[in-house]
Every structure is written in structure tokens, then in C-alpha cells.
file my_file_22.cif (mmCIF, C-alpha atoms and all ligand atoms)
data_work
#
loop_
_atom_site.label_atom_id
_atom_site.label_comp_id
_atom_site.auth_asym_id
_atom_site.auth_seq_id
_atom_site.Cartn_x
_atom_site.Cartn_y
_atom_site.Cartn_z
CA MET A 1 0.00 0.00 0.00
CA VAL A 2 1.26 3.50 -0.79
CA ASP A 3 0.84 5.66 2.29
CA PHE A 4 2.44 9.01 3.06
CA THR A 5 0.76 9.37 6.46
CA LEU A 6 3.34 10.54 8.97
CA THR A 7 3.67 8.78 12.32
CA ASP A 8 3.06 10.74 15.54
CA GLU A 9 6.86 10.84 16.09
CA GLN A 10 7.38 12.27 12.61
CA LYS A 11 4.71 14.91 13.19
CA SER A 12 6.40 15.91 16.46
CA LEU A 13 9.76 16.08 14.73
CA ARG A 14 8.33 18.30 12.03
CA GLU A 15 6.70 20.51 14.65
CA LEU A 16 9.97 20.81 16.57
CA ALA A 17 11.81 21.83 13.40
CA HIS A 18 9.05 24.26 12.39
CA ASP A 19 9.01 25.94 15.83
CA PHE A 20 12.79 26.24 15.72
CA ALA A 21 12.63 27.77 12.23
CA ALA A 22 9.87 30.19 13.24
CA LYS A 23 11.40 31.29 16.56
CA GLU A 24 15.16 31.02 16.06
CA ILE A 25 15.81 31.28 12.31
CA ARG A 26 13.16 33.48 10.65
CA PRO A 27 13.52 36.49 12.98
CA LYS A 28 17.22 36.77 12.06
CA ALA A 29 17.27 35.39 8.51
CA TRP A 30 16.92 38.62 6.55
CA GLU A 31 19.40 40.49 8.76
CA TYR A 32 21.95 37.65 8.52
CA ASP A 33 21.43 37.58 4.75
CA ARG A 34 22.05 41.32 4.46
CA ASP A 35 25.21 41.28 6.58
CA GLY A 36 26.49 37.82 5.62
CA THR A 37 26.55 36.95 9.33
CA TRP A 38 27.88 33.54 10.33
CA PRO A 39 24.99 31.97 12.33
CA GLN A 40 27.04 30.40 15.14
CA ASP A 41 24.33 31.24 17.72
CA ILE A 42 21.75 29.31 15.70
CA ILE A 43 24.12 26.40 15.09
CA ASP A 44 24.73 26.11 18.84
CA LYS A 45 21.00 26.10 19.59
CA ALA A 46 20.16 23.64 16.80
CA HIS A 47 22.82 21.29 18.12
CA GLU A 48 21.42 21.60 21.63
CA VAL A 49 17.85 20.70 20.59
CA GLY A 50 18.97 17.81 18.34
CA LEU A 51 18.34 19.30 14.90
CA MET A 52 21.86 18.59 13.64
CA ASN A 53 23.60 15.29 12.86
CA THR A 54 20.23 13.60 12.64
CA HIS A 55 21.58 10.54 10.77
CA VAL A 56 24.29 9.69 13.32
CA PRO A 57 23.54 6.13 14.47
CA GLU A 58 22.25 5.58 17.99
CA GLU A 59 25.30 3.47 18.92
CA TYR A 60 27.46 6.60 18.48
CA GLY A 61 25.11 8.77 20.53
CA GLY A 62 23.05 10.12 17.62
CA ALA A 63 19.33 10.08 16.94
CA GLY A 64 19.67 7.59 14.06
CA LEU A 65 16.79 9.19 12.20
CA SER A 66 15.58 7.90 8.84
CA TYR A 67 16.12 9.72 5.54
CA LEU A 68 12.43 10.67 5.47
CA ASP A 69 12.72 12.10 9.01
CA GLY A 70 15.71 14.11 7.83
CA CYS A 71 13.73 15.51 4.89
CA LEU A 72 10.89 16.61 7.19
CA ILE A 73 13.39 18.58 9.28
CA GLU A 74 15.23 19.99 6.27
CA GLU A 75 12.08 21.35 4.65
CA GLU A 76 11.09 23.18 7.81
CA LEU A 77 14.52 24.64 8.57
CA ALA A 78 14.93 25.77 4.95
CA TRP A 79 11.47 27.35 5.18
CA GLY A 80 13.11 29.45 7.93
CA CYS A 81 16.27 30.18 5.92
CA SER A 82 17.93 27.85 3.44
CA GLY A 83 21.32 29.51 3.91
CA ILE A 84 21.28 28.78 7.62
CA GLN A 85 19.97 25.27 6.96
CA THR A 86 22.83 24.69 4.50
CA SER A 87 25.21 25.33 7.40
CA LEU A 88 23.18 23.17 9.80
CA GLY A 89 22.91 20.29 7.34
CA ALA A 90 26.44 20.13 5.89
CA ASN A 91 27.59 17.62 8.51
CA GLY A 92 25.17 15.15 6.92
CA LEU A 93 26.86 15.52 3.52
CA ALA A 94 30.34 15.17 4.99
CA GLY A 95 29.21 12.29 7.22
CA ALA A 96 27.57 10.13 4.54
CA PRO A 97 30.87 8.77 3.11
CA ILE A 98 32.02 8.03 6.66
CA LEU A 99 28.84 6.07 7.33
CA LEU A 100 29.37 4.21 4.07
CA GLY A 101 33.11 3.61 4.19
CA GLY A 102 34.55 4.47 7.62
CA SER A 103 35.72 1.73 9.99
CA GLU A 104 33.87 1.20 13.26
CA GLU A 105 36.74 2.92 15.11
CA VAL A 106 36.74 5.96 12.80
CA GLN A 107 32.95 6.30 12.94
CA ARG A 108 32.98 6.13 16.74
CA GLU A 109 35.67 8.80 16.96
CA TYR A 110 34.19 11.16 14.38
CA PHE A 111 30.49 10.87 15.15
CA GLY A 112 31.25 10.89 18.89
CA GLU A 113 32.84 14.33 18.55
CA LEU A 114 30.01 15.70 16.42
CA VAL A 115 27.40 14.59 18.89
CA GLU A 116 29.37 15.93 21.87
CA SER A 117 29.65 19.54 20.66
CA PRO A 118 28.58 21.66 17.67
CA LYS A 119 31.61 20.82 15.53
CA LEU A 120 31.34 21.12 11.76
CA ALA A 121 32.50 19.00 8.86
CA SER A 122 32.82 19.85 5.17
CA PHE A 123 32.49 17.74 2.05
CA CYS A 124 35.47 18.48 -0.24
CA LEU A 125 34.80 17.18 -3.73
CA THR A 126 34.63 20.17 -6.07
CA GLU A 127 37.71 21.84 -7.53
CA PRO A 128 38.12 24.89 -9.77
CA ASP A 129 38.44 22.63 -12.85
CA ALA A 130 36.35 19.71 -11.56
CA GLY A 131 32.74 20.64 -10.82
CA SER A 132 30.25 18.45 -12.68
CA ASP A 133 33.19 16.42 -14.00
CA VAL A 134 34.27 14.88 -10.70
CA SER A 135 36.95 12.65 -12.17
CA GLY A 136 38.82 15.71 -13.52
CA MET A 137 40.05 16.51 -9.99
CA ARG A 138 43.74 17.25 -9.45
CA THR A 139 44.12 16.97 -5.69
CA ARG A 140 46.62 14.17 -4.99
CA ALA A 141 46.99 11.76 -2.10
CA VAL A 142 50.25 9.83 -2.02
CA ARG A 143 50.79 6.91 0.31
CA LYS A 144 53.92 7.16 2.48
CA GLY A 145 54.23 4.26 4.92
CA ASP A 146 51.13 4.17 7.08
CA LYS A 147 50.07 7.68 6.03
CA TYR A 148 48.72 9.50 3.00
CA VAL A 149 49.94 13.00 2.10
CA ILE A 150 47.32 15.22 0.48
CA ASN A 151 47.99 18.24 -1.73
CA GLY A 152 45.47 20.34 -3.65
CA SER A 153 42.68 22.89 -3.49
CA LYS A 154 38.91 22.42 -3.15
CA CYS A 155 36.44 25.20 -3.89
CA PHE A 156 32.82 26.08 -3.00
CA ILE A 157 33.20 24.22 0.27
CA THR A 158 30.20 24.69 2.56
CA ASN A 159 31.24 25.59 6.15
CA GLY A 160 34.88 25.37 4.98
CA GLY A 161 36.00 28.32 7.08
CA TYR A 162 34.59 26.87 10.30
CA ALA A 163 34.98 23.12 9.85
CA ASP A 164 36.92 20.85 12.20
CA PHE A 165 36.78 17.91 9.79
CA PHE A 166 36.87 17.49 6.02
CA THR A 167 35.83 14.57 3.86
CA VAL A 168 38.38 14.93 1.07
CA TYR A 169 38.45 13.25 -2.34
CA ALA A 170 41.85 12.95 -4.01
CA LYS A 171 43.54 11.09 -6.82
CA THR A 172 45.50 8.08 -5.62
CA ASP A 173 46.03 6.80 -9.17
CA PRO A 174 46.09 9.86 -11.48
CA ASP A 175 46.03 7.77 -14.67
CA ALA A 176 42.93 5.77 -13.79
CA GLY A 177 40.19 8.40 -14.25
CA HIS A 178 37.23 7.86 -11.94
CA ARG A 179 38.80 4.56 -10.81
CA GLY A 180 41.78 6.40 -9.30
CA ILE A 181 40.00 8.50 -6.66
CA SER A 182 40.01 7.83 -2.90
CA ALA A 183 38.22 9.47 0.00
CA PHE A 184 39.70 10.46 3.37
CA LEU A 185 38.56 11.90 6.64
CA VAL A 186 40.88 14.80 7.46
CA ARG A 187 41.07 16.67 10.75
CA LYS A 188 41.82 20.40 10.61
CA ASP A 189 45.45 21.29 11.32
CA ASP A 190 47.95 23.97 10.29
CA THR A 191 48.37 22.42 6.83
CA VAL A 192 44.69 22.95 6.02
CA ILE A 193 44.42 26.52 4.77
CA VAL A 194 41.19 28.48 4.33
CA ASP A 195 42.02 30.53 1.24
CA LYS A 196 38.91 32.44 0.32
CA LYS A 197 35.41 33.15 1.62
CA GLU A 198 33.00 33.62 -1.27
CA ASP A 199 30.72 36.70 -1.47
CA LYS A 200 27.54 35.06 -2.74
CA MET A 201 24.31 36.09 -4.47
CA GLY A 202 22.17 34.09 -2.03
CA GLN A 203 22.39 31.90 1.04
CA ARG A 204 24.63 34.63 2.41
CA ALA A 205 24.54 33.35 6.00
CA SER A 206 26.22 30.11 4.97
CA ASN A 207 29.99 29.98 4.67
CA THR A 208 31.49 28.94 1.34
CA ALA A 209 35.27 28.77 1.13
CA THR A 210 38.26 27.52 -0.83
CA ILE A 211 40.32 25.04 1.18
CA THR A 212 43.91 24.11 0.36
CA PHE A 213 45.61 20.98 1.67
CA ASN A 214 49.29 21.62 1.89
CA ASP A 215 51.20 18.39 2.56
CA THR A 216 48.38 17.34 4.87
CA GLU A 217 49.18 14.00 6.51
CA VAL A 218 46.41 11.52 7.22
CA ASP A 219 46.77 8.17 8.94
CA ALA A 220 45.80 5.33 6.56
CA LYS A 221 42.99 4.30 8.90
CA TYR A 222 41.13 7.44 7.75
CA LEU A 223 40.89 6.13 4.18
CA LEU A 224 37.13 5.72 3.59
CA GLY A 225 36.26 2.54 1.76
CA GLU A 226 38.92 0.98 -0.42
CA GLU A 227 41.69 2.84 -2.21
CA ASN A 228 40.55 4.04 -5.67
CA LYS A 229 36.85 3.44 -4.90
CA GLY A 230 36.17 7.04 -3.85
CA PHE A 231 34.18 7.99 -6.96
CA LYS A 232 31.45 5.46 -6.19
CA LEU A 233 31.49 6.57 -2.58
CA ALA A 234 30.85 10.15 -3.77
CA MET A 235 28.00 9.03 -6.04
CA MET A 236 26.38 6.95 -3.29
CA THR A 237 26.76 9.91 -0.94
CA LEU A 238 24.96 12.20 -3.37
CA ASP A 239 22.16 9.62 -3.78
CA ARG A 240 21.69 9.95 -0.02
CA THR A 241 21.91 13.72 0.25
CA ARG A 242 20.03 14.90 -2.85
CA PRO A 243 16.65 14.08 -1.22
CA GLY A 244 17.64 16.50 1.56
CA VAL A 245 18.49 19.23 -0.96
CA ALA A 246 15.13 18.59 -2.63
CA ALA A 247 13.48 18.99 0.78
CA MET A 248 15.28 22.30 1.27
CA ALA A 249 14.17 23.49 -2.16
CA THR A 250 10.61 22.53 -1.22
CA GLY A 251 10.97 24.60 1.96
CA ILE A 252 12.10 27.66 -0.02
CA ALA A 253 9.28 27.26 -2.54
CA ARG A 254 6.72 26.81 0.25
CA ALA A 255 7.91 29.95 2.00
CA ALA A 256 7.61 31.95 -1.23
CA PHE A 257 4.19 30.45 -1.94
CA GLU A 258 2.94 31.38 1.55
CA PHE A 259 4.24 34.96 1.33
CA ALA A 260 2.70 35.42 -2.12
CA THR A 261 -0.64 33.96 -1.06
CA GLU A 262 -0.91 36.23 1.99
CA TYR A 263 0.15 39.28 0.01
CA SER A 264 -2.37 38.55 -2.74
CA LYS A 265 -5.17 38.67 -0.18
CA GLU A 266 -4.03 42.06 1.14
CA ARG A 267 -2.94 43.94 -1.96
CA VAL A 268 -5.87 45.76 -3.58
CA GLN A 269 -5.90 46.69 -7.26
CA PHE A 270 -8.91 47.54 -9.44
CA GLY A 271 -11.00 47.70 -6.24
CA VAL A 272 -10.44 44.10 -5.04
CA PRO A 273 -7.60 42.06 -3.49
CA ILE A 274 -5.40 40.81 -6.34
CA ALA A 275 -6.22 37.23 -5.21
CA MET A 276 -9.66 37.85 -6.78
CA HIS A 277 -8.07 38.23 -10.23
CA GLN A 278 -7.78 35.01 -12.20
CA ALA A 279 -4.35 36.06 -13.47
CA ILE A 280 -3.05 35.82 -9.89
CA GLN A 281 -5.15 32.78 -8.96
CA PHE A 282 -3.53 30.73 -11.72
CA ILE A 283 -0.05 31.73 -10.54
CA ILE A 284 -0.98 30.72 -6.97
CA ALA A 285 -2.49 27.44 -8.20
CA ASP A 286 0.65 26.52 -10.14
CA MET A 287 2.78 27.32 -7.11
CA ALA A 288 0.63 25.07 -4.92
CA THR A 289 0.86 22.15 -7.35
CA LYS A 290 4.63 22.47 -7.75
CA VAL A 291 5.27 22.63 -3.99
CA HIS A 292 3.06 19.58 -3.48
CA LEU A 293 4.77 17.54 -6.22
CA SER A 294 8.24 18.57 -5.02
CA ARG A 295 7.42 17.20 -1.59
CA LEU A 296 6.01 13.95 -2.96
CA ALA A 297 9.08 13.36 -5.15
CA THR A 298 11.34 14.18 -2.20
CA TRP A 299 9.59 11.81 0.18
CA ASN A 300 9.56 9.07 -2.45
CA SER A 301 13.33 9.34 -2.97
CA ALA A 302 13.95 9.27 0.81
CA VAL A 303 11.60 6.35 1.53
CA LEU A 304 13.41 4.19 -1.06
CA LEU A 305 16.65 4.75 0.85
CA ASP A 306 14.94 3.92 4.13
CA GLN A 307 13.86 0.66 2.49
CA GLY A 308 17.50 -0.06 1.53
CA ARG A 309 16.80 0.38 -2.17
CA ARG A 310 18.88 2.30 -4.67
CA ASN A 311 17.32 5.72 -5.40
CA THR A 312 19.71 7.21 -7.96
CA LEU A 313 16.92 7.96 -10.45
CA GLU A 314 14.39 9.10 -7.88
CA SER A 315 16.82 11.36 -6.02
CA SER A 316 17.71 13.06 -9.31
CA HIS A 317 14.00 13.40 -10.16
CA ALA A 318 13.39 14.99 -6.76
CA LYS A 319 16.45 17.25 -6.72
CA ARG A 320 15.86 18.44 -10.30
CA PHE A 321 12.15 19.03 -9.93
CA ALA A 322 12.27 20.64 -6.48
CA ALA A 323 15.24 22.88 -7.39
CA ASP A 324 13.64 24.09 -10.62
CA THR A 325 10.37 24.53 -8.71
CA ALA A 326 12.08 26.66 -6.07
CA MET A 327 13.45 28.93 -8.80
CA GLU A 328 10.09 29.16 -10.61
CA VAL A 329 7.96 29.64 -7.51
CA THR A 330 10.22 32.29 -5.97
CA THR A 331 10.34 34.14 -9.29
CA ASP A 332 6.54 34.00 -9.47
CA ALA A 333 6.29 35.21 -5.88
CA VAL A 334 8.26 38.31 -6.89
CA GLN A 335 5.79 38.68 -9.77
CA VAL A 336 2.80 38.53 -7.40
CA TYR A 337 4.39 41.25 -5.26
CA GLY A 338 4.91 43.34 -8.41
CA GLY A 339 7.44 46.18 -8.02
CA TYR A 340 7.56 45.60 -4.25
CA GLY A 341 8.87 42.10 -4.86
CA PHE A 342 12.05 43.61 -6.29
CA ILE A 343 12.73 45.61 -3.15
CA LYS A 344 14.72 44.33 -0.18
CA ASP A 345 12.13 45.61 2.35
CA TYR A 346 9.91 42.72 1.20
CA PRO A 347 10.78 39.08 1.85
CA VAL A 348 10.60 37.40 -1.53
CA GLU A 349 13.69 38.77 -3.32
CA LYS A 350 15.90 36.93 -0.77
CA LEU A 351 14.05 33.71 -1.50
CA MET A 352 14.60 34.15 -5.24
CA ARG A 353 18.34 34.67 -4.69
CA ASP A 354 18.52 31.71 -2.29
CA ALA A 355 16.65 29.44 -4.71
CA LYS A 356 19.29 29.77 -7.42
CA ILE A 357 21.89 27.65 -5.62
CA MET A 358 19.41 24.77 -5.47
CA GLN A 359 19.88 24.36 -9.23
CA LEU A 360 23.66 24.39 -8.80
CA TYR A 361 24.99 22.59 -5.72
CA GLU A 362 25.03 18.83 -5.21
CA GLY A 363 24.73 18.45 -8.98
CA THR A 364 23.27 21.06 -11.33
CA SER A 365 19.81 20.61 -12.80
CA GLN A 366 21.56 19.59 -16.03
CA ILE A 367 23.57 16.87 -14.24
CA GLN A 368 20.33 15.59 -12.69
CA ARG A 369 18.83 15.38 -16.20
CA LEU A 370 21.94 13.51 -17.35
CA VAL A 371 21.52 10.99 -14.53
CA ILE A 372 17.78 10.70 -15.27
CA ALA A 373 18.47 10.14 -18.98
CA ARG A 374 21.08 7.46 -18.25
CA GLU A 375 18.90 5.69 -15.70
CA THR A 376 15.93 5.85 -18.07
CA LEU A 377 17.76 4.69 -21.19
CA LEU A 378 19.66 1.95 -19.34
CA PRO A 379 17.20 0.95 -16.64
CA ARG A 380 18.56 -0.87 -13.63
CA ARG A 381 16.76 -3.60 -11.73
CA VAL A 382 14.13 -2.13 -9.38
CA ASP A 383 15.37 -4.22 -6.46
CA GLU A 384 18.99 -3.05 -6.77
CA PRO A 385 20.42 -2.37 -3.27
CA ALA A 386 21.32 1.16 -2.17
CA THR A 387 24.89 0.25 -1.23
CA VAL A 388 27.58 -1.38 -3.34
CA ALA A 389 30.95 -2.46 -1.97
CA VAL A 390 33.53 0.34 -1.84
N1 LIG B 1 25.89 4.69 -7.20
C1 LIG B 1 26.90 3.77 -7.32
N2 LIG B 1 27.79 3.79 -8.37
C2 LIG B 1 27.62 4.76 -9.30
C3 LIG B 1 26.60 5.73 -9.23
C4 LIG B 1 25.73 5.68 -8.12
N3 LIG B 1 24.74 6.57 -7.98
N4 LIG B 1 26.70 6.57 -10.29
C5 LIG B 1 27.74 6.14 -11.02
N5 LIG B 1 28.30 5.04 -10.43
C6 LIG B 1 29.43 4.26 -10.91
C7 LIG B 1 29.17 3.71 -12.30
O1 LIG B 1 28.49 2.48 -12.25
C8 LIG B 1 30.59 3.56 -12.84
O2 LIG B 1 31.13 2.37 -12.28
P1 LIG B 1 32.34 1.51 -12.97
O3 LIG B 1 33.60 2.19 -12.57
O4 LIG B 1 32.20 0.17 -12.32
O5 LIG B 1 32.10 1.54 -14.44
C9 LIG B 1 31.32 4.73 -12.21
O6 LIG B 1 30.57 5.10 -11.04
C10 LIG B 1 31.44 5.94 -13.12
O7 LIG B 1 30.14 6.36 -13.48
P2 LIG B 1 29.85 7.30 -14.73
O8 LIG B 1 30.49 6.69 -15.93
O9 LIG B 1 28.40 7.56 -14.76
O10 LIG B 1 30.68 8.62 -14.35
P3 LIG B 1 30.76 10.04 -15.05
O11 LIG B 1 32.18 10.50 -14.99
O12 LIG B 1 30.11 10.02 -16.38
O13 LIG B 1 29.98 11.01 -14.04
C11 LIG B 1 28.10 12.18 -13.16
C12 LIG B 1 28.66 10.87 -13.71
C13 LIG B 1 26.64 11.89 -12.88
C14 LIG B 1 28.22 13.34 -14.15
C15 LIG B 1 28.83 12.52 -11.84
O14 LIG B 1 30.16 12.90 -12.07
C16 LIG B 1 28.13 13.62 -11.04
O15 LIG B 1 27.20 13.36 -10.30
N6 LIG B 1 28.61 14.89 -11.17
C17 LIG B 1 28.08 15.97 -10.33
C18 LIG B 1 28.91 16.13 -9.11
C19 LIG B 1 28.22 16.89 -8.03
O16 LIG B 1 27.06 16.68 -7.75
N7 LIG B 1 28.96 17.80 -7.38
C20 LIG B 1 28.45 18.55 -6.30
C21 LIG B 1 29.43 18.54 -5.15
S1 LIG B 1 28.76 18.61 -3.54
C22 LIG B 1 28.39 20.22 -3.25
O17 LIG B 1 27.66 20.77 -3.99
C23 LIG B 1 29.11 20.91 -2.14
C24 LIG B 1 28.36 21.55 -1.04
O18 LIG B 1 29.00 21.90 -0.09
C25 LIG B 1 26.90 21.71 -0.99
#

call {"tool": "encode", "arguments": {"input": "my_file_22.cif", "output": "C-alpha cells"}}
result
Amino acid sequence: MVDFTLTDEQKSLRELAHDFAAKEIRPKAWEYDRDGTWPQDIIDKAHEVGLMNTHVPEEYGGAGLSYLDGCLIEEELAWGCSGIQTSLGANGLAGAPILLGGSEEVQREYFGELVESPKLASFCLTEPDAGSDVSGMRTRAVRKGDKYVINGSKCFITNGGYADFFTVYAKTDPDAGHRGISAFLVRKDDTVIVDKKEDKMGQRASNTATITFNDTEVDAKYLLGEENKGFKLAMMTLDRTRPGVAAMATGIARAAFEFATEYSKERVQFGVPIAMHQAIQFIIADMATKVHLSRLATWNSAVLLDQGRRNTLESSHAKRFAADTAMEVTTDAVQVYGGYGFIKDYPVEKLMRDAKIMQLYEGTSQIQRLVIARETLLPRRVDEPATVAV
């Protein structure tokens, strides 16, 4: 039976996240966006109430929540501010390869520290010349005895300037293309240099930095999965995190939809609220449908993971549709506000700027279409498991 009814626990979780977004995030979101303020106060509080590190297994002190649970939280927090949620959620992206490929000892050490205090971790995949084309990366890791030495630069790294840990992808066999990449858990030290903080169009409260690894030494036990299997680890990670990005995009779109709906009932033109004009009603109706379908696609992609099934196709469907929806719905919200929508005193221009990154990070909308086309033209078995050996 297909049933999207949430359990009482899931409803409480959603309520907790919504209250947090309404009381702790929303009141500061527009100010933090304007000033590019790092939201450490909100990170500390979110950690305290259990809205970070939600996928950390119970045996390491975490809540061990499901992927669907995570999406419920992510939609609400992004409804508050997707920039702040990007900072709150980045530990999940950095932690996924550790869950997939870290030894018991490494998981206990790493997750134990994250649960103990509001430490941050960053996922270091992208490089200046290797964005969509992951296997074009140049960062090198060379084995020396029982250590690896890492050299190279990663860009667009979420929370990079504040992270204590980094999940780093590097070439261990430079001539082997995607089969020559390995992943490592790296702890911040003096050889890890924060080169540049980006001045961004949207999500201005989140930190995005360039990180350089300068002869950074890592004990071989921090190799995640097998040597040269890092590319698959990255792909399996993104299968697990794209539903969360889709949930965030749904949260942005829902916020814009709610603002536009309320405004349309207040703003009077031609003697009646603009919500009485069919031109506006059709915009509102399309927004409502798109938000609804984004959420359904998101939940579907998360539930497959919770069932232990591979969701590559469905997570790309969800991420692509919800990201494009966020862009369309926020743009339409500006349209409903008319000239006021273009002005910073009103809330929707921030949402439109924030929405843009949804079509870019964790795989552009074009990369999602590429994955969808491949998965559609070369269909896999429906019972394929979510995890392959790495
Ligand atoms: N699960 C398991 N294995 C997978 C897989 C998946 N989802 N997808 C691919 N693979 C395997 C393939 O089976 C293949 O295996 P073999 O070596 O056995 O043949 C191997 O991986 C290579 O696959 P492809 O030939 O499909 O690889 P490709 O080079 O053509 O790339 C791609 C595919 C989809 C374009 C991929 O590179 C991609 O997703 N690019 C986008 C990267 C991305 O999302 N970057 C965002 C970074 S995170 C971020 O945004 C930072 C932040 O802080 C928010």
C-alpha cells in the first residue's frame, strides 16, 4: 500500500523543526542575509535541541533518524532560511561517506565528537576545474608508509572556514580516471588553509570557502572505503543527500508560496484584493501544485533509501524538480508582489536569490537530467540495493 501518512513521532519532529525555524531562524534570517553573518548562535541552539547530525547512528550517541525524518526537518529549517539550513545540514553531507566507508573505530571517533559539541564538517569534492566532472580533480593523495599525504585545493566548500573535519576526495592513481580517486577523513590542522570566503548572491549566511591541503598528513585508517573506490562513494553519498536538498528546495518554494498567497489577499488593485483576479489565482495554483509535487518526489526518494533500495533515479528526479520549482515559484512570488517584490524591504527577493543555488549545488539541474536520462535509457533492476561495496 502506498501511504504518506506521517507517524506521531514524525509529526512531532516536524513541529519541533518548524518551531525552531519560526522562533530562532526566521527572525534573524533577513538580517543575517544582508550582513552575511555567520549563524554560530543558531548552530549552537540547533545542536542543543537535536536538529543537527540527525543521521548519526544511535550506537554513536546520535538520533539515528531515517532519511524521510531528515527531509521533514530539512524542509522546515529551509522554510526558515535555506542559507542557515545549509550550514546546519552540511555535517550530513560530509558524514555520509564516513557512514558508508569508515571503519567502526573511525565512525565512533568522528560521530562521537560531532554529537558531543557543535563541531562542523565539510564535504570536499569540487575543484576549480572539476565541478560536474568529478573525475577531472587534481588533488593528490600519495601513500607514504602508514600515512597519506594530500595536496590540492577544493572550492565552493560549505562551512569550509569553520569546519573541524573534512571529507576529502583525491587522486591516488592519477592515470585511472574515476577509478583512481580515494576518499579520506581529514582533521583540521595547520596544513589545512582556508584561502577564500565567497561573497555570494544568495544563502549569504552560509559559509562557502576555498580550502587548500598543503602536505596534509592523514593516517591510513582514515581512508574511507577501499583505495581508488572514492568515486562510487561520492556518487552513493549524493544519492543519499540529494533528497535533503530537494526537501530544502521545497521549503524555499513553500515559504515563497505562503508569502505570495498572503500578500495577494491584502494587496488591492482595481478595487479588489489581487487574489480575486484570475491572473493571480492561476499563478498561486501553479505554485501550490509544484510545492506539493516537489514534496512527494522528495519523500519518495527518501523512503526508497529507508527501504534499503537504490534511489539514484528518484533522487535526481526529486532534486531536479524541487530545485527548478524553487526557482520558478520564488520568481513567481516576486511577480505577485509586483514592483515591491524587487525591493529588499519585502521578503521574496531573498528567497529568489537563495533558490538559485538549489539548481547548482550537489549536482546542477543539467547533471540531474543527465543521470535521469542514463537511468531511463539503461534501466537498472528495481530491487537493486542502495549500497555497493567500496
Ligand atoms: N551509485 C553507485 N555507483 C555509481 C553511481 C551511483 N549513484 N553513479 C555512477 N556510479 C558508478 C558507475 O556504475 C561507474 O562504475 P564503474 O567504474 O564500475 O564503471 C562509475 O561510477 C562511473 O560512473 P559514470 O560513468 O556515470 O561517471 P561520469 O564520470 O560520467 O559522471 C556524473 C557521472 C553523474 C556526471 C557525476 O560525475 C556527477 O554526479 N557529477 C556531479 C557532481 C556533483 O554533484 N557535485 C556537487 C558537489 S557537492 C556540493 O555541492 C558541495 C556543497 O557543499 C553543498

call {"tool": "residues_around", "arguments": {"input": "my_file_22.cif", "residues": "Ala121 in chain A", "least_positions_apart": "6", "cutoff": "8 Å", "atoms": "all atoms listed in the file", "output": "PyMOL selection string"}}
result
chain A and resi 90-91+94-95+159-160+163-167

call {"tool": "closest_residue", "arguments": {"input": "my_file_22.cif", "among": "A:Tyr162, A:Phe156, A:Tyr110, A:Tyr263", "to": "ligand LIG 1 (chain B)", "atoms": "all atoms listed in the file"}}
result
A:Phe156

call {"tool": "residues_near_ligand", "arguments": {"input": "my_file_22.cif", "ligand": "ligand LIG 1 (chain B)", "cutoff": "7 Å", "atoms": "all atoms listed in the file", "output": "ChimeraX atom specification"}}
result
/A:90,122-123,125-126,131-135,156-158,178-179,231-232,235-236,238-239,312,361-364,367,370-371,388

call {"tool": "closest_residue", "arguments": {"input": "my_file_22.cif", "among": "A:Asp324, A:Glu116, A:Asp189, A:Asp306", "to": "His47 in chain A", "atoms": "only C-alpha atoms"}}
result
A:Glu116

call {"tool": "residues_around", "arguments": {"input": "my_file_22.cif", "residues": "Ala318 in chain A", "least_positions_apart": "4", "cutoff": "6 Å", "atoms": "all atoms listed in the file", "output": "NGL selection string"}}
result
:A and (246 or 297-298 or 322)

call {"tool": "atom_distance", "arguments": {"input": "my_file_22.cif", "atom1": "CA of Ala46 in chain A", "atom2": "CA of Lys154 in chain A"}}
result
27.4 Å

call {"tool": "atom_distance", "arguments": {"input": "my_file_22.cif", "atom1": "CA of Gly152 in chain A", "atom2": "CA of Arg140 in chain A"}}
result
6.4 Å

call {"tool": "closest_residue", "arguments": {"input": "my_file_22.cif", "among": "A:Gly177, A:Gly225, A:Pro128, A:Gly112", "to": "Ala209 in chain A", "atoms": "all atoms listed in the file"}}
result
A:Pro128

call {"tool": "atom_distance", "arguments": {"input": "my_file_22.cif", "atom1": "CA of Val194 in chain A", "atom2": "CA of Gly161 in chain A"}}
result
5.9 Å
